[in-house]
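The next block is structure38.tsv, given as TSV, C-alpha atoms.
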```
chain	number	residue	atom	x	y	z
A	1	MET	CA	0.00	0.00	0.00
A	2	GLY	CA	1.35	3.41	-0.89
A	3	GLU	CA	2.16	6.15	1.60
A	4	PRO	CA	-0.79	8.42	0.69
A	5	ARG	CA	-3.30	5.64	1.30
A	6	SER	CA	-1.56	4.60	4.51
A	7	ALA	CA	-1.64	8.23	5.65
A	8	GLU	CA	-5.37	8.44	4.86
A	9	ILE	CA	-6.07	5.32	6.92
A	10	THR	CA	-4.02	6.69	9.81
A	11	GLN	CA	-5.95	9.98	9.63
A	12	ILE	CA	-9.30	8.17	9.67
A	13	LEU	CA	-8.13	6.10	12.66
A	14	GLN	CA	-7.12	9.30	14.45
A	15	ASP	CA	-10.55	10.74	13.66
A	16	TRP	CA	-12.04	7.59	15.19
A	17	ASN	CA	-9.87	8.15	18.28
A	18	GLY	CA	-11.22	11.69	18.42
A	19	GLY	CA	-14.80	10.45	18.56
A	20	ASN	CA	-15.76	11.16	14.94
A	21	ALA	CA	-18.91	9.09	14.50
A	22	ASP	CA	-18.57	8.45	10.76
A	23	ALA	CA	-14.86	7.45	10.87
A	24	LYS	CA	-15.70	3.73	11.03
A	25	GLU	CA	-17.82	3.97	7.90
A	26	ARG	CA	-15.14	5.98	6.09
A	27	LEU	CA	-12.50	3.41	7.09
A	28	LEU	CA	-14.19	0.33	5.62
A	29	PRO	CA	-13.66	1.17	1.92
A	30	PHE	CA	-9.95	1.74	2.59
A	31	VAL	CA	-9.36	-1.52	4.46
A	32	TYR	CA	-11.96	-3.87	3.00
A	33	ASP	CA	-9.82	-5.25	0.15
A	34	GLU	CA	-6.88	-5.96	2.47
A	35	LEU	CA	-9.14	-7.62	5.03
A	36	ARG	CA	-10.68	-9.72	2.23
A	37	ARG	CA	-7.19	-10.73	1.09
A	38	GLN	CA	-6.34	-11.81	4.63
A	39	ALA	CA	-9.62	-13.72	4.96
A	40	ARG	CA	-9.17	-15.44	1.59
A	41	PHE	CA	-5.67	-16.45	2.67
A	42	LEU	CA	-6.99	-17.92	5.90
A	43	MET	CA	-9.89	-19.67	4.22
A	44	SER	CA	-7.96	-20.92	1.14
A	45	SER	CA	-7.46	-24.39	2.61
A	46	GLU	CA	-11.05	-24.77	3.76
A	47	ARG	CA	-13.59	-26.91	1.99
A	48	SER	CA	-15.70	-25.06	-0.59
A	49	ASN	CA	-18.94	-25.54	1.35
A	50	HIS	CA	-17.46	-24.29	4.63
A	51	THR	CA	-20.05	-22.47	6.72
A	52	LEU	CA	-17.72	-19.52	7.32
A	53	GLN	CA	-16.79	-17.73	4.08
A	54	PRO	CA	-14.13	-15.00	3.65
A	55	THR	CA	-16.74	-12.26	3.33
A	56	ALA	CA	-18.44	-13.38	6.53
A	57	LEU	CA	-15.08	-13.48	8.31
A	58	VAL	CA	-14.32	-9.90	7.19
A	59	HIS	CA	-17.73	-8.65	8.23
A	60	GLU	CA	-17.53	-10.37	11.62
A	61	ALA	CA	-14.02	-9.01	12.22
A	62	PHE	CA	-15.00	-5.48	11.21
A	63	MET	CA	-18.13	-5.64	13.33
A	64	ARG	CA	-16.02	-6.67	16.35
A	65	ILE	CA	-13.51	-3.90	15.60
A	66	SER	CA	-16.36	-1.39	15.42
A	67	GLU	CA	-17.64	-2.53	18.81
A	68	GLN	CA	-14.23	-2.01	20.43
A	69	SER	CA	-13.89	0.99	22.66
A	70	GLY	CA	-10.86	2.49	24.25
A	71	ILE	CA	-8.43	1.51	21.49
A	72	ASP	CA	-5.94	4.26	20.79
A	73	TRP	CA	-5.44	3.58	17.08
A	74	GLN	CA	-1.83	4.33	16.16
A	75	ASN	CA	-1.70	3.66	12.42
A	76	ARG	CA	-2.65	1.33	9.61
A	77	GLY	CA	-0.33	-1.44	10.87
A	78	HIS	CA	-1.86	-1.28	14.35
A	79	PHE	CA	-5.31	-1.65	12.80
A	80	TYR	CA	-4.29	-4.73	10.77
A	81	GLY	CA	-2.59	-6.24	13.80
A	82	ILE	CA	-5.82	-6.02	15.77
A	83	ALA	CA	-7.77	-7.31	12.77
A	84	SER	CA	-5.42	-10.34	12.63
A	85	ARG	CA	-6.07	-11.07	16.30
A	86	LEU	CA	-9.84	-10.79	15.84
A	87	MET	CA	-9.79	-13.07	12.79
A	88	ARG	CA	-7.82	-15.58	14.86
A	89	GLN	CA	-10.44	-15.41	17.62
A	90	ILE	CA	-13.28	-15.86	15.14
A	91	LEU	CA	-11.61	-18.86	13.49
A	92	VAL	CA	-10.77	-20.41	16.84
A	93	ASP	CA	-14.37	-19.94	18.03
A	94	HIS	CA	-15.60	-21.50	14.79
A	95	ALA	CA	-13.13	-24.38	15.09
A	96	ARG	CA	-14.18	-25.01	18.69
A	97	SER	CA	-17.82	-25.26	17.71
A	98	HIS	CA	-16.88	-27.52	14.78
A	99	ALA	CA	-14.70	-29.70	17.02
A	100	ALA	CA	-17.50	-30.00	19.57
A	101	VAL	CA	-19.71	-31.44	16.86
A	102	LYS	CA	-17.03	-33.69	15.41
A	103	ARG	CA	-14.92	-34.97	18.28
A	104	GLY	CA	-11.86	-36.56	16.76
A	105	SER	CA	-8.31	-37.26	17.71
A	106	ASN	CA	-6.52	-36.64	14.44
A	107	ALA	CA	-2.83	-35.89	14.58
A	108	VAL	CA	-1.81	-32.31	13.93
A	109	HIS	CA	-0.05	-31.94	10.59
A	110	PHE	CA	0.76	-28.62	9.01
A	111	SER	CA	3.71	-26.85	7.59
A	112	ILE	CA	4.82	-23.73	9.38
A	113	ASP	CA	6.83	-22.86	6.27
A	114	ASP	CA	3.86	-22.43	3.99
A	115	VAL	CA	1.28	-22.28	6.76
A	116	GLN	CA	-1.16	-24.75	5.27
A	117	ILE	CA	-3.30	-27.21	7.18
A	118	PRO	CA	-5.09	-30.12	5.50
A	119	VAL	CA	-8.82	-29.44	5.32
A	120	GLU	CA	-9.85	-32.55	7.24
A	121	GLU	CA	-7.72	-31.54	10.22
A	122	ARG	CA	-8.16	-27.77	10.07
A	123	ALA	CA	-10.49	-27.26	13.04
A	124	HIS	CA	-8.45	-29.48	15.36
A	125	SER	CA	-5.19	-27.96	14.11
A	126	ILE	CA	-6.36	-24.37	14.60
A	127	LEU	CA	-7.31	-25.20	18.17
A	128	CYS	CA	-3.90	-26.80	18.79
A	129	LEU	CA	-2.12	-23.85	17.19
A	130	ASP	CA	-4.13	-21.42	19.30
A	131	GLU	CA	-3.21	-23.35	22.44
A	132	VAL	CA	0.48	-23.39	21.53
A	133	LEU	CA	0.39	-19.69	20.59
A	134	GLU	CA	-0.99	-18.88	24.03
A	135	ARG	CA	1.99	-20.72	25.57
A	136	LEU	CA	4.40	-18.91	23.24
A	137	GLU	CA	2.83	-15.60	24.25
A	138	GLN	CA	3.73	-16.35	27.88
A	139	PHE	CA	7.32	-17.05	26.83
A	140	ASP	CA	7.80	-14.39	24.11
A	141	GLU	CA	4.90	-12.06	23.32
A	142	GLN	CA	6.60	-10.51	20.28
A	143	GLN	CA	7.18	-13.88	18.61
A	144	ALA	CA	3.56	-14.86	19.29
A	145	LYS	CA	2.35	-11.64	17.64
A	146	ILE	CA	4.57	-12.29	14.62
A	147	VAL	CA	3.17	-15.81	14.19
A	148	GLU	CA	-0.38	-14.55	14.66
A	149	MET	CA	0.00	-11.74	12.11
A	150	ARG	CA	1.66	-14.03	9.63
A	151	PHE	CA	-0.61	-17.05	10.03
A	152	PHE	CA	-3.95	-15.43	10.78
A	153	GLY	CA	-3.38	-12.08	9.10
A	154	GLY	CA	-1.26	-13.11	6.12
A	155	LEU	CA	0.92	-10.05	6.71
A	156	SER	CA	4.40	-9.79	5.22
A	157	ASN	CA	7.54	-9.26	7.28
A	158	ALA	CA	7.53	-5.58	6.25
A	159	GLU	CA	3.91	-5.14	7.39
A	160	ILE	CA	4.60	-6.93	10.66
A	161	ALA	CA	7.71	-4.79	11.24
A	162	GLU	CA	5.64	-1.63	10.67
A	163	THR	CA	2.91	-2.83	13.01
A	164	LEU	CA	5.26	-3.79	15.84
A	165	GLY	CA	7.71	-0.94	15.32
A	166	ILE	CA	10.68	-3.26	14.84
A	167	SER	CA	13.02	-4.00	11.93
A	168	GLU	CA	12.25	-6.53	9.22
A	169	ARG	CA	15.43	-8.32	10.19
A	170	THR	CA	14.12	-8.75	13.75
A	171	VAL	CA	10.82	-10.04	12.37
A	172	GLY	CA	12.68	-12.58	10.23
A	173	ARG	CA	14.86	-13.70	13.13
A	174	ASP	CA	11.92	-13.99	15.52
A	175	TRP	CA	9.85	-15.83	12.89
A	176	GLN	CA	12.62	-18.42	12.46
A	177	THR	CA	12.91	-18.91	16.23
A	178	ALA	CA	9.13	-19.10	16.68
A	179	ARG	CA	8.81	-21.61	13.81
A	180	LEU	CA	11.29	-23.96	15.48
A	181	TRP	CA	9.59	-23.59	18.86
A	182	LEU	CA	6.13	-24.15	17.34
A	183	TYR	CA	7.33	-27.18	15.39
A	184	ARG	CA	8.66	-28.76	18.58
A	185	GLU	CA	5.56	-27.91	20.60
A	186	LEU	CA	3.09	-29.08	17.96
A	187	ASN	CA	4.94	-32.36	17.52
A	188	GLN	CA	4.67	-32.95	21.26
A	189	THR	CA	0.89	-32.39	21.18
A	190	ALA	CA	0.37	-34.64	18.14
```

C-alpha cells encoding of this file:
Amino acid sequence: MGEPRSAEITQILQDWNGGNADAKERLLPFVYDELRRQARFLMSSERSNHTLQPTALVHEAFMRISEQSGIDWQNRGHFYGIASRLMRQILVDHARSHAAVKRGSNAVHFSIDDVQIPVEERAHSILCLDEVLERLEQFDEQQAKIVEMRFFGGLSNAEIAETLGISERTVGRDWQTARLWLYRELNQTA
C-alpha cells in the first residue's frame, strides 16, 4: 500500500480516536480489500462448502472492531494487527464449535513454512495452534504476535515490522525462532 493511502487510513483512525462518528464507515472502503485478502488467505485451505466464508469473516471481524472501545489507534499497521487477532479469535471460536460437533483425535499436521493445514484436520489444528500460541505468548509475546499476524493475518515481514515498530530483520529472526519452537511444541501435542 502506498504512503498516501496509509496516511489516509491513519488519519481516519485518528478521527475515530477523536470520537468522529462516521470514521468507522469511512474506514471500511480503505481496508476492505486488504481484510478480504487476509480472509481469503486464511480460508484458502477450507472446503468449498465451509459455513464460514471469507466475506463473513471480514464482516464479523470489522463488526467486532467497530464494537471495540478504548483503542488508541496508532496507524494502519496497528489496525491490521488487531484485525489479525480478531480473525484468529473468530476462526478459533468457529473451530471449537466444529470440534465440539465432530470430536476426533486426528494428529496435527501442518507446515509452518507455507502455513497450510489439510482441510480434514483444520479445526483441530487451529485449536492446537491457538493453544500453543498462548503458551508462546507467555514465553515471548513478540514472537507470538509475529506468528499470529503471519498465520492469521497473512501479513508480510515488512507489514509486521511496521505494526510492531521493529526492523524486518528482527521479524525474520523472531519468525525463524518461533517456527522452530512451534514445530517442537506441535509435535509434542500430536

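Here atom CA of A:Phe41 stands at a distance of 16.7 Å from atom CA of A:Leu129.
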
> In Å, how far is it from atom CA of A:Asn17 to atom CA of A:Ala61?
Replying inline: 18.7 Å

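Atom CA of A:Ile65 is positioned 16.2 Å from atom CA of A:Asp93.
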
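Around the coordinate (-8.1, 3.8, 9.8), residues that reach within 9 Å when counting all atoms listed in the file are Ser6, Ala7, Glu8, Ile9, Thr10, Gln11, Ile12, Leu13, Gln14, Asp15, Trp16, Ala23, Lys24, Arg26, Leu27, Leu28, Phe30, Val31, Trp73, Gln74, Asn75, Arg76 and Phe79 of chain A.
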
What are the centre and the three edge lengths of an axis-aligned box that wraps all atoms of stretch 123-140 of chain A in the file, given that 3 Å is added to every side, written as JSON and rounded to one decimal in Å?
```
{"center_x": -1.3, "center_y": -21.9, "center_z": 20.5, "size_x": 24.3, "size_y": 21.1, "size_z": 20.8}
```

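Every protein or nucleic acid residue with an atom no more than 9 Å from A:Thr55, counting only C-alpha atoms and leaving out same-chain residues fewer than 5 positions away, appears here: Arg36, Ala39, Arg40 and Glu60 of chain A.
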
Shell of 12 Å around A:Ser156, only C-alpha atoms, local chain residues under 4 positions omitted, as a short mmCIF file (atom, residue, chain, number, x, y, z; two decimals) with C-alpha atoms, keeping the file's coordinate frame:
```cif
data_model
loop_
_atom_site.label_atom_id
_atom_site.label_comp_id
_atom_site.auth_asym_id
_atom_site.auth_seq_id
_atom_site.Cartn_x
_atom_site.Cartn_y
_atom_site.Cartn_z
CA MET A 1 0.00 0.00 0.00
CA GLN A 38 -6.34 -11.81 4.63
CA GLY A 77 -0.33 -1.44 10.87
CA TYR A 80 -4.29 -4.73 10.77
CA GLY A 81 -2.59 -6.24 13.80
CA ILE A 146 4.57 -12.29 14.62
CA VAL A 147 3.17 -15.81 14.19
CA GLU A 148 -0.38 -14.55 14.66
CA MET A 149 0.00 -11.74 12.11
CA ARG A 150 1.66 -14.03 9.63
CA PHE A 151 -0.61 -17.05 10.03
CA PHE A 152 -3.95 -15.43 10.78
CA ILE A 160 4.60 -6.93 10.66
CA ALA A 161 7.71 -4.79 11.24
CA GLU A 162 5.64 -1.63 10.67
CA THR A 163 2.91 -2.83 13.01
CA GLU A 168 12.25 -6.53 9.22
CA VAL A 171 10.82 -10.04 12.37
CA GLY A 172 12.68 -12.58 10.23
CA TRP A 175 9.85 -15.83 12.89
#
```

Is it possible to add N, CA and C atoms to stretch 124-135 of chain A and hand it back as an mmCIF file, in the frame of the given file?
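The resulting file, out05.cif, is shown below:
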```cif
data_model
loop_
_atom_site.group_PDB
_atom_site.id
_atom_site.type_symbol
_atom_site.label_atom_id
_atom_site.label_comp_id
_atom_site.auth_asym_id
_atom_site.auth_seq_id
_atom_site.Cartn_x
_atom_site.Cartn_y
_atom_site.Cartn_z
ATOM 1 N N HIS A 124 -9.273 -28.973 14.261
ATOM 2 C CA HIS A 124 -8.450 -29.480 15.360
ATOM 3 C C HIS A 124 -7.087 -28.789 15.372
ATOM 4 N N SER A 125 -6.511 -28.582 14.205
ATOM 5 C CA SER A 125 -5.190 -27.960 14.110
ATOM 6 C C SER A 125 -5.207 -26.503 14.542
ATOM 7 N N ILE A 126 -6.254 -25.768 14.186
ATOM 8 C CA ILE A 126 -6.360 -24.370 14.600
ATOM 9 C C ILE A 126 -6.463 -24.282 16.117
ATOM 10 N N LEU A 127 -7.206 -25.190 16.716
ATOM 11 C CA LEU A 127 -7.310 -25.200 18.170
ATOM 12 C C LEU A 127 -5.958 -25.504 18.816
ATOM 13 N N CYS A 128 -5.227 -26.474 18.258
ATOM 14 C CA CYS A 128 -3.900 -26.800 18.790
ATOM 15 C C CYS A 128 -2.949 -25.621 18.615
ATOM 16 N N LEU A 129 -2.985 -24.999 17.435
ATOM 17 C CA LEU A 129 -2.120 -23.850 17.190
ATOM 18 C C LEU A 129 -2.452 -22.717 18.152
ATOM 19 N N ASP A 130 -3.722 -22.475 18.372
ATOM 20 C CA ASP A 130 -4.130 -21.420 19.300
ATOM 21 C C ASP A 130 -3.595 -21.706 20.712
ATOM 22 N N GLU A 131 -3.708 -22.942 21.127
ATOM 23 C CA GLU A 131 -3.210 -23.350 22.440
ATOM 24 C C GLU A 131 -1.700 -23.119 22.560
ATOM 25 N N VAL A 132 -0.978 -23.537 21.530
ATOM 26 C CA VAL A 132 0.480 -23.390 21.530
ATOM 27 C C VAL A 132 0.862 -21.916 21.450
ATOM 28 N N LEU A 133 0.113 -21.130 20.675
ATOM 29 C CA LEU A 133 0.390 -19.690 20.590
ATOM 30 C C LEU A 133 0.203 -19.008 21.940
ATOM 31 N N GLU A 134 -0.783 -19.447 22.691
ATOM 32 C CA GLU A 134 -0.990 -18.880 24.030
ATOM 33 C C GLU A 134 0.213 -19.175 24.917
ATOM 34 N N ARG A 135 0.783 -20.388 24.788
ATOM 35 C CA ARG A 135 1.990 -20.720 25.570
ATOM 36 C C ARG A 135 3.174 -19.889 25.086
#
```
